[in-house]
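Note: the block below is start.cif and it holds mmCIF, C-alpha atoms.
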data_my_file
#
loop_
_atom_site.label_atom_id
_atom_site.label_comp_id
_atom_site.auth_asym_id
_atom_site.auth_seq_id
_atom_site.Cartn_x
_atom_site.Cartn_y
_atom_site.Cartn_z
CA MET A 1 0.00 0.00 0.00
CA ARG A 2 1.24 3.47 -0.86
CA TRP A 3 0.93 5.96 2.02
CA GLN A 4 4.30 7.55 2.90
CA GLY A 5 3.59 10.66 0.82
CA GLY A 6 0.14 11.17 2.28
CA ARG A 7 -0.97 14.25 4.16
CA THR A 8 -0.06 14.35 7.86
CA GLY A 9 -1.81 16.21 10.64
CA GLY A 10 -5.32 15.16 9.62
CA GLY A 11 -5.71 12.10 11.80
CA GLY A 12 -6.57 13.85 15.05
CA ILE A 13 -3.91 11.91 16.95
CA GLU A 14 -3.29 11.96 20.69
CA ASP A 15 -0.27 9.83 21.59
CA ARG A 16 -0.43 8.36 25.10
CA ARG A 17 2.30 5.78 24.62
CA GLY A 18 4.78 5.65 27.48
CA MET A 19 2.25 6.99 29.98
CA GLY A 20 1.63 3.65 31.68
CA GLY A 21 -1.55 1.61 31.97
CA GLY A 22 -2.54 -2.00 32.42
CA ALA A 23 -5.05 -1.59 35.24
CA ILE A 24 -6.33 -4.78 36.84
CA ALA A 25 -9.89 -5.64 37.66
CA GLY A 26 -10.94 -6.84 41.11
CA GLY A 27 -9.78 -10.34 42.05
CA GLY A 28 -6.58 -10.09 40.03
CA ILE A 29 -8.20 -10.78 36.64
CA GLY A 30 -7.26 -8.32 33.92
CA VAL A 31 -10.16 -6.53 32.25
CA GLY A 32 -8.74 -7.55 28.89
CA VAL A 33 -9.01 -11.20 29.95
CA LEU A 34 -12.56 -10.64 31.15
CA ALA A 35 -13.37 -9.06 27.80
CA LEU A 36 -12.00 -12.02 25.86
CA ILE A 37 -13.82 -14.54 28.05
CA GLY A 38 -17.04 -12.58 27.62
CA TYR A 39 -16.54 -12.42 23.88
CA PHE A 40 -15.61 -16.04 23.23
CA VAL A 41 -17.88 -17.73 25.76
CA PHE A 42 -20.91 -15.49 25.98
CA GLY A 43 -20.75 -13.36 22.84
CA ILE A 44 -20.58 -10.16 24.91
CA ASP A 45 -19.11 -7.12 23.21
CA PRO A 46 -15.73 -6.33 24.88
CA ALA A 47 -16.75 -2.68 25.26
CA THR A 48 -19.63 -3.82 27.47
CA THR A 49 -17.24 -5.80 29.68
CA THR A 50 -14.92 -2.86 30.25
CA GLN A 51 -17.85 -0.55 30.91
CA LEU A 52 -19.20 -2.87 33.60
CA ALA A 53 -15.74 -3.34 35.12
CA SER A 54 -15.34 0.41 35.44
CA GLN A 55 -18.78 0.83 36.98
CA PHE A 56 -17.95 -1.72 39.66
CA GLY A 57 -14.75 0.07 40.57
CA GLY A 58 -12.39 -2.54 39.15
CA VAL A 59 -10.58 -0.10 36.92
CA GLY A 60 -9.20 3.37 37.34
CA ALA A 61 -10.82 6.21 35.45
CA THR A 62 -8.08 8.78 35.80
CA GLU A 63 -7.86 11.29 32.98
CA GLN A 64 -4.83 11.07 30.72
CA GLN A 65 -3.60 13.65 28.25
CA GLY A 66 -1.06 12.64 25.64
CA GLN A 67 0.91 14.43 22.96
CA ALA A 68 -1.24 15.88 20.19
CA GLY A 69 -0.09 15.97 16.58
CA THR A 70 1.69 13.68 14.15
CA PRO A 71 3.88 11.09 15.93
CA ARG A 72 7.51 10.90 14.83
CA ASP A 73 7.78 7.13 14.54
CA GLU A 74 6.68 5.32 11.39
CA ALA A 75 3.86 3.34 13.04
CA GLY A 76 2.37 6.47 14.56
CA LYS A 77 2.75 8.41 11.35
CA PHE A 78 0.97 5.59 9.49
CA VAL A 79 -2.06 5.94 11.77
CA ASP A 80 -2.05 9.71 11.26
CA VAL A 81 -1.85 9.53 7.46
CA ILE A 82 -4.45 6.77 7.17
CA GLY A 83 -6.77 8.48 9.65
CA GLY A 84 -6.48 11.78 7.79
CA ASN A 85 -7.20 10.07 4.49
CA ILE A 86 -10.26 8.32 5.92
CA ASN A 87 -11.50 11.67 7.22
CA ASP A 88 -11.00 13.21 3.77
CA VAL A 89 -13.08 10.46 2.17
CA TRP A 90 -15.95 10.80 4.66
CA ALA A 91 -15.91 14.58 4.40
CA GLN A 92 -16.94 14.04 0.78
CA LYS A 93 -19.37 11.19 1.44
CA LEU A 94 -21.21 12.46 4.50
CA GLN A 95 -22.57 15.98 4.81
CA GLY A 96 -21.57 17.61 8.09
CA TYR A 97 -18.95 14.96 8.84
CA GLN A 98 -16.89 15.67 11.96
CA PRO A 99 -13.69 13.60 12.41
CA PRO A 100 -13.22 11.42 15.48
CA LYS A 101 -10.32 11.76 17.86
CA VAL A 102 -7.69 8.98 17.68
CA VAL A 103 -5.78 7.86 20.78
CA ILE A 104 -2.66 5.69 20.49
CA TYR A 105 -1.81 3.99 23.77
CA GLU A 106 0.04 1.07 25.33
CA GLN A 107 -1.47 -1.67 27.50
CA GLY A 108 -4.40 0.32 28.86
CA THR A 109 -5.95 3.78 29.02
CA PRO A 110 -9.06 5.52 30.39
CA THR A 111 -11.84 6.03 27.83
CA GLY A 112 -15.35 7.41 27.83
CA CYS A 113 -16.57 3.79 27.72
CA GLY A 114 -14.56 2.47 30.65
CA TYR A 115 -10.97 1.32 30.85
CA GLY A 116 -9.63 0.08 27.52
CA GLN A 117 -6.93 -2.56 27.20
CA SER A 118 -4.87 -3.87 24.32
CA ALA A 119 -6.36 -7.37 24.60
CA MET A 120 -9.65 -5.95 23.35
CA GLY A 121 -8.09 -4.91 20.07
CA PRO A 122 -8.78 -1.59 18.33
CA PHE A 123 -12.13 -0.13 19.34
CA TYR A 124 -14.35 2.94 19.02
CA CYS A 125 -16.03 4.64 21.97
CA PRO A 126 -19.19 6.54 20.96
CA THR A 127 -19.34 8.41 24.28
CA ASP A 128 -16.18 10.40 23.57
CA LYS A 129 -16.21 9.83 19.79
CA THR A 130 -12.70 8.41 19.88
CA VAL A 131 -10.89 5.53 18.15
CA TYR A 132 -8.45 3.74 20.50
CA LEU A 133 -5.44 1.86 19.13
CA ASP A 134 -2.66 -0.04 20.88
CA LEU A 135 -0.25 -0.54 18.00
CA ASN A 136 1.30 -3.61 19.66
CA PHE A 137 -1.97 -5.37 18.95
CA TRP A 138 -1.08 -5.56 15.28
CA GLN A 139 1.65 -8.11 16.01
CA GLU A 140 -0.63 -10.14 18.27
CA MET A 141 -3.33 -10.13 15.60
CA GLU A 142 -0.86 -11.50 13.07
CA THR A 143 0.92 -14.08 15.25
CA GLN A 144 -2.08 -15.31 17.26
CA LEU A 145 -5.01 -14.84 14.89
CA GLY A 146 -3.34 -15.34 11.52
CA ALA A 147 -4.21 -11.88 10.21
CA SER A 148 -2.17 -10.23 7.48
CA GLY A 149 0.72 -7.95 8.41
CA ALA A 150 0.36 -5.87 5.26
CA ASP A 151 -0.17 -2.13 5.59
CA PHE A 152 -3.61 -2.26 4.00
CA ALA A 153 -4.75 -5.00 6.38
CA ARG A 154 -3.93 -2.70 9.29
CA ALA A 155 -5.52 0.27 7.55
CA TYR A 156 -8.69 -1.77 7.01
CA VAL A 157 -9.01 -2.29 10.77
CA ILE A 158 -8.56 1.44 11.40
CA ALA A 159 -11.13 2.27 8.71
CA HIS A 160 -13.56 -0.20 10.31
CA GLU A 161 -13.37 1.72 13.60
CA PHE A 162 -13.89 5.01 11.77
CA GLY A 163 -16.94 3.32 10.26
CA HIS A 164 -18.41 3.04 13.75
CA HIS A 165 -17.87 6.77 14.13
CA VAL A 166 -19.85 7.34 10.94
CA GLN A 167 -22.64 5.18 12.38
CA THR A 168 -22.66 7.35 15.49
CA LEU A 169 -22.91 10.53 13.41
CA THR A 170 -25.74 9.17 11.26
CA GLY A 171 -27.69 7.85 14.25
CA THR A 172 -27.43 4.23 13.14
CA SER A 173 -25.72 3.18 16.37
CA ASP A 174 -28.51 4.67 18.49
CA GLN A 175 -31.16 3.00 16.35
CA VAL A 176 -29.45 -0.35 16.80
CA ARG A 177 -29.16 0.15 20.54
CA ARG A 178 -32.88 0.88 20.82
CA ALA A 179 -33.75 -2.14 18.67
CA GLN A 180 -31.57 -4.33 20.87
CA GLN A 181 -33.25 -3.03 24.01
CA ARG A 182 -36.68 -3.82 22.56
CA ALA A 183 -35.52 -7.32 21.63
CA MET A 184 -34.16 -7.98 25.09
CA ALA A 185 -37.33 -6.67 26.73
CA ARG A 186 -39.38 -9.26 24.84
CA GLY A 187 -37.39 -12.09 26.40
CA GLY A 188 -37.21 -15.52 24.84
CA GLY A 189 -34.80 -15.29 21.91
CA GLY A 190 -34.12 -11.64 22.57
CA GLN A 191 -30.37 -12.06 23.02
CA ALA A 192 -29.99 -13.82 19.67
CA GLU A 193 -32.04 -11.08 17.98
CA ALA A 194 -29.96 -8.39 19.68
CA ASN A 195 -26.82 -10.11 18.44
CA GLN A 196 -28.15 -9.99 14.88
CA TYR A 197 -28.34 -6.21 15.11
CA SER A 198 -24.78 -6.13 16.41
CA VAL A 199 -23.62 -8.25 13.48
CA ALA A 200 -25.34 -5.92 11.01
CA LEU A 201 -23.63 -2.92 12.64
CA GLU A 202 -20.20 -4.56 12.42
CA LEU A 203 -20.64 -5.70 8.83
CA GLN A 204 -21.69 -2.21 7.83
CA ALA A 205 -18.45 -0.89 9.38
CA ASP A 206 -16.57 -3.44 7.25
CA CYS A 207 -18.42 -2.20 4.20
CA TYR A 208 -17.58 1.39 5.09
CA ALA A 209 -13.91 0.37 5.30
CA GLY A 210 -14.22 -0.89 1.74
CA VAL A 211 -15.81 2.41 0.68
CA TRP A 212 -12.82 4.25 2.10
CA ALA A 213 -10.38 1.95 0.30
CA ARG A 214 -12.05 2.59 -3.06
CA ASN A 215 -11.86 6.38 -2.61
CA ALA A 216 -8.49 6.70 -0.84
CA SER A 217 -6.50 7.46 -3.97
CA ALA A 218 -8.98 9.96 -5.42
CA VAL A 219 -9.00 12.22 -2.34
CA SER A 220 -5.21 12.13 -1.94
CA GLY A 221 -4.08 12.59 -5.52
CA GLY A 222 -2.73 9.05 -5.48
CA GLN A 223 -0.55 9.60 -2.39
CA VAL A 224 -2.59 7.06 -0.41
CA ALA A 225 -3.57 4.17 -2.63
CA LEU A 226 -3.98 0.43 -2.79
CA GLU A 227 -1.51 -1.61 -4.79
CA PRO A 228 -1.93 -5.05 -6.39
CA GLY A 229 -2.68 -7.69 -3.78
CA ASP A 230 -3.74 -5.23 -1.07
CA ILE A 231 -7.44 -6.01 -1.11
CA GLU A 232 -6.60 -9.72 -0.81
CA GLU A 233 -4.54 -8.96 2.31
CA GLY A 234 -7.50 -7.10 3.76
CA MET A 235 -9.74 -10.07 3.08
CA LYS A 236 -7.23 -12.35 4.81
CA THR A 237 -7.59 -10.26 7.95
CA ALA A 238 -11.40 -10.14 7.62
CA GLN A 239 -11.31 -13.93 7.37
CA ALA A 240 -9.13 -14.22 10.48
CA ILE A 241 -11.38 -12.12 12.72
CA GLY A 242 -14.76 -13.59 11.82
CA ASP A 243 -16.78 -14.88 14.77
CA ASP A 244 -16.79 -18.48 13.58
CA THR A 245 -13.03 -18.49 13.07
CA LEU A 246 -12.40 -16.93 16.48
CA GLN A 247 -14.73 -19.38 18.21
CA ARG A 248 -12.96 -22.33 16.60
CA ARG A 249 -9.59 -20.89 17.59
CA SER A 250 -10.72 -20.54 21.20
CA GLY A 251 -11.64 -24.22 21.24
CA GLY A 252 -15.32 -23.61 21.60
CA ARG A 253 -18.36 -24.62 19.60
CA VAL A 254 -19.30 -22.43 16.65
CA SER A 255 -22.50 -20.78 17.81
CA PRO A 256 -24.07 -18.50 15.16
CA GLU A 257 -26.69 -17.21 17.59
CA SER A 258 -23.88 -15.74 19.70
CA PHE A 259 -22.13 -13.98 16.79
CA THR A 260 -21.65 -10.26 17.38
CA HIS A 261 -19.38 -9.32 14.45
CA GLY A 262 -20.30 -11.71 11.64
CA SER A 263 -18.79 -14.84 10.15
CA SER A 264 -15.54 -14.77 8.22
CA ALA A 265 -17.43 -15.15 4.93
CA GLN A 266 -19.76 -12.27 5.81
CA ARG A 267 -16.91 -9.95 6.77
CA VAL A 268 -15.07 -10.67 3.53
CA GLU A 269 -18.28 -10.20 1.52
CA TRP A 270 -19.11 -6.78 2.96
CA LEU A 271 -15.55 -5.49 2.76
CA GLN A 272 -15.59 -6.45 -0.93
CA ARG A 273 -19.01 -4.94 -1.49
CA GLY A 274 -17.93 -1.57 -0.11
CA TYR A 275 -14.74 -1.63 -2.15
CA GLN A 276 -16.47 -2.58 -5.38
CA SER A 277 -19.11 0.16 -5.09
CA GLY A 278 -17.23 2.92 -3.30
CA ASP A 279 -20.66 4.12 -2.18
CA PRO A 280 -21.96 4.08 1.43
CA ALA A 281 -25.47 3.54 0.07
CA SER A 282 -24.42 0.00 -0.88
CA CYS A 283 -23.78 -0.83 2.80
CA ASP A 284 -27.31 -1.70 3.92
CA THR A 285 -26.56 -4.69 6.13
CA PHE A 286 -29.79 -4.35 8.10
CA SER A 287 -32.31 -5.62 5.54
CA GLY A 288 -32.04 -9.15 6.86
CA ALA A 289 -31.40 -8.26 10.49
#
Output the file's structure in the form of structure tokens.
Amino acid sequence: MRWQGGRTGGGGIEDRRGMGGGAIAGGGIGVGVLALIGYFVFGIDPATTTQLASQFGGVGATEQQGQAGTPRDEAGKFVDVIGGNINDVWAQKLQGYQPPKVVIYEQGTPTGCGYGQSAMGPFYCPTDKTVYLDLNFWQEMETQLGASGADFARAYVIAHEFGHHVQTLTGTSDQVRRAQQRAMARGGGGQAEANQYSVALELQADCYAGVWARNASAVSGGQVALEPGDIEEGMKTAQAIGDDTLQRRSGGRVSPESFTHGSSAQRVEWLQRGYQSGDPASCDTFSGA
């Protein structure tokens, strides 16, 4: 992927690396571990786990303020360039678009959604409209989950989180939350129905990542652009982080009713669909939800 000549300073970066972290939940169990157990065993969104842990006093909520601006290291600069390019695409695609903040951290950091940890992977917090990234997670994703280490594969994950920001701005996230609450209130199969809405939300974010990829070159004058083989590397990562693949890897039974992000095939399909169309209107993942 070509990106080194891309515009810097547009990613809204706050760099908290080196500021410490790694808070522990009550009883000596890390919140990141709780999040993974909740995800693999119960299908609970990791953000929910950290939120609950914070509410019960297991995690510190101390404010942190990092260094604003473009980081000097290559990994930090990559996030800044890619984030700025994603913002440029959405500024053209969504009227009134306001960029999210992006926090780079190590191990753990306070967020508007509770205490975030690296084990959760990259995530978006709608409360403070911020994307949180521990860049060490990239290596874990590649070595432990079999994801691609290519630049575009990492950019796809960043663009997915920005997609959640778009959903917050358009009101889609709030609509899904209300639909999930209604489903849960009905009882019975409410949890499975609520999970279907979560899957649709995640697949739409994948589709939005594909939309960005299609338009990256046009908004940057070719300075940020995919090269041959890049989209395949993105699909390799989408394949690696599908719910069915993750459940198999954890040694558990594949349980479609507990999916919260979509199967590997679904994630690949919607990433491709967004890339092929380049149009957010093609990302209606809710028709069958």
| Nearby residues, (-6.6, -18.0, 14.8) file frame, 9 Å, all atoms listed in the file, as a list in words | Met141, Glu142, Thr143, Gln144, Leu145, Gly146, Ala147, Ala240, Ile241, Thr245, Leu246, Gln247, Arg248, Arg249 and Ser250 of chain A
| So what does the PyMOL selection byres ((chain A and resi 88-91) around 9) actually pick up in this one, as a PyMOL selection string? | chain A and resi 10+83-87+92-99+166+211-212+215-216+218-220
Store the residues of this selection in a file with C-alpha atoms, as a PDB file, keeping the file's coordinate frame.
ATOM      1  CA  GLY A  10      -5.320  15.160   9.620  1.00  0.00           C
ATOM      2  CA  GLY A  83      -6.770   8.480   9.650  1.00  0.00           C
ATOM      3  CA  GLY A  84      -6.480  11.780   7.790  1.00  0.00           C
ATOM      4  CA  ASN A  85      -7.200  10.070   4.490  1.00  0.00           C
ATOM      5  CA  ILE A  86     -10.260   8.320   5.920  1.00  0.00           C
ATOM      6  CA  ASN A  87     -11.500  11.670   7.220  1.00  0.00           C
ATOM      7  CA  GLN A  92     -16.940  14.040   0.780  1.00  0.00           C
ATOM      8  CA  LYS A  93     -19.370  11.190   1.440  1.00  0.00           C
ATOM      9  CA  LEU A  94     -21.210  12.460   4.500  1.00  0.00           C
ATOM     10  CA  GLN A  95     -22.570  15.980   4.810  1.00  0.00           C
ATOM     11  CA  GLY A  96     -21.570  17.610   8.090  1.00  0.00           C
ATOM     12  CA  TYR A  97     -18.950  14.960   8.840  1.00  0.00           C
ATOM     13  CA  GLN A  98     -16.890  15.670  11.960  1.00  0.00           C
ATOM     14  CA  PRO A  99     -13.690  13.600  12.410  1.00  0.00           C
ATOM     15  CA  VAL A 166     -19.850   7.340  10.940  1.00  0.00           C
ATOM     16  CA  VAL A 211     -15.810   2.410   0.680  1.00  0.00           C
ATOM     17  CA  TRP A 212     -12.820   4.250   2.100  1.00  0.00           C
ATOM     18  CA  ASN A 215     -11.860   6.380  -2.610  1.00  0.00           C
ATOM     19  CA  ALA A 216      -8.490   6.700  -0.840  1.00  0.00           C
ATOM     20  CA  ALA A 218      -8.980   9.960  -5.420  1.00  0.00           C
ATOM     21  CA  VAL A 219      -9.000  12.220  -2.340  1.00  0.00           C
ATOM     22  CA  SER A 220      -5.210  12.130  -1.940  1.00  0.00           C
TER      23      SER A 220
END
| task | Would you kindly identify which residues have an atom no farther than 6 Å from (-4.4, 0.0, 23.1), using only C-alpha atoms and the file's own coordinates, and write them out as a list in words? | result |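 Result, sorted by chain then residue number: Tyr105, Glu106, Gln107, Gly108, Gln117, Ser118, Leu133 and Asp134 of chain A.
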Keeping only C-alpha atoms, write the selected residues to a file as a CSV table (one decimal), in the coordinates of the input.
chain,number,residue,atom,x,y,z
A,105,TYR,CA,-1.8,4.0,23.8
A,106,GLU,CA,0.0,1.1,25.3
A,107,GLN,CA,-1.5,-1.7,27.5
A,108,GLY,CA,-4.4,0.3,28.9
A,117,GLN,CA,-6.9,-2.6,27.2
A,118,SER,CA,-4.9,-3.9,24.3
A,133,LEU,CA,-5.4,1.9,19.1
A,134,ASP,CA,-2.7,0.0,20.9
| query | Between A:Val81, A:Ala155, A:Ile13, A:Val102, which has the minimum distance to A:Ile231 (counting all atoms listed in the file)? | reply | A:Ala155
| query | Can you tell me how far atom CA of A:Asp73 sits from atom CA of A:Val224, in Å to one decimal? | reply |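 Interatomic distance here is 18.2 Å.
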| task | Please indicate the distance in Å from atom CA of A:Gly11 to atom CA of A:Ile104, rounded to one decimal place. | result |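 Rounded to one decimal, the two atoms are 11.2 Å apart.
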| task | Please provide the set of residues having any atom within 12 Å of A:Gln272, restricted to all atoms listed in the file, with same-chain residues fewer than 4 positions apart removed, written as a ChimeraX atom specification. | result | /A:156,203-204,206-214,230-236,238-239,265-268,276-279,282-283
| Coordinates-based distance that separates atom CA of A:Pro126 from atom CA of A:Thr8 (Å, one decimal) |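 Value for the atom CA of A:Thr8-atom CA of A:Pro126 distance: 24.5 Å.
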| field | Given the PyMOL selection byres ((chain A and resi 191) around 12), the residues it picks as a PyMOL selection string | value | chain A and resi 42-44+179-190+192-198+256-260
Once 3 Å is added on each side, what are the centre and the three edge lengths, in Å to one decimal, of the axis-aligned box enclosing the listed atoms of stretch 272-283 of chain A? Present them as JSON.
{"center_x": -20.1, "center_y": -1.2, "center_z": -1.3, "size_x": 16.7, "size_y": 16.6, "size_z": 14.2}
| message | On this structure, the PyMOL selection byres ((chain A and resi 63-70) around 6) would catch which residues? List them as a VMD selection string, sorted by chain and number. | response | chain A and resid 9 13 to 16 62 71
| query | Between A:Ala200, A:Val157, A:Ala75, A:Ala225, which one has atoms that come closest to A:Thr172, using all atoms listed in the file? | reply |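 That would be A:Ala200, the residue with the smallest distance to A:Thr172.
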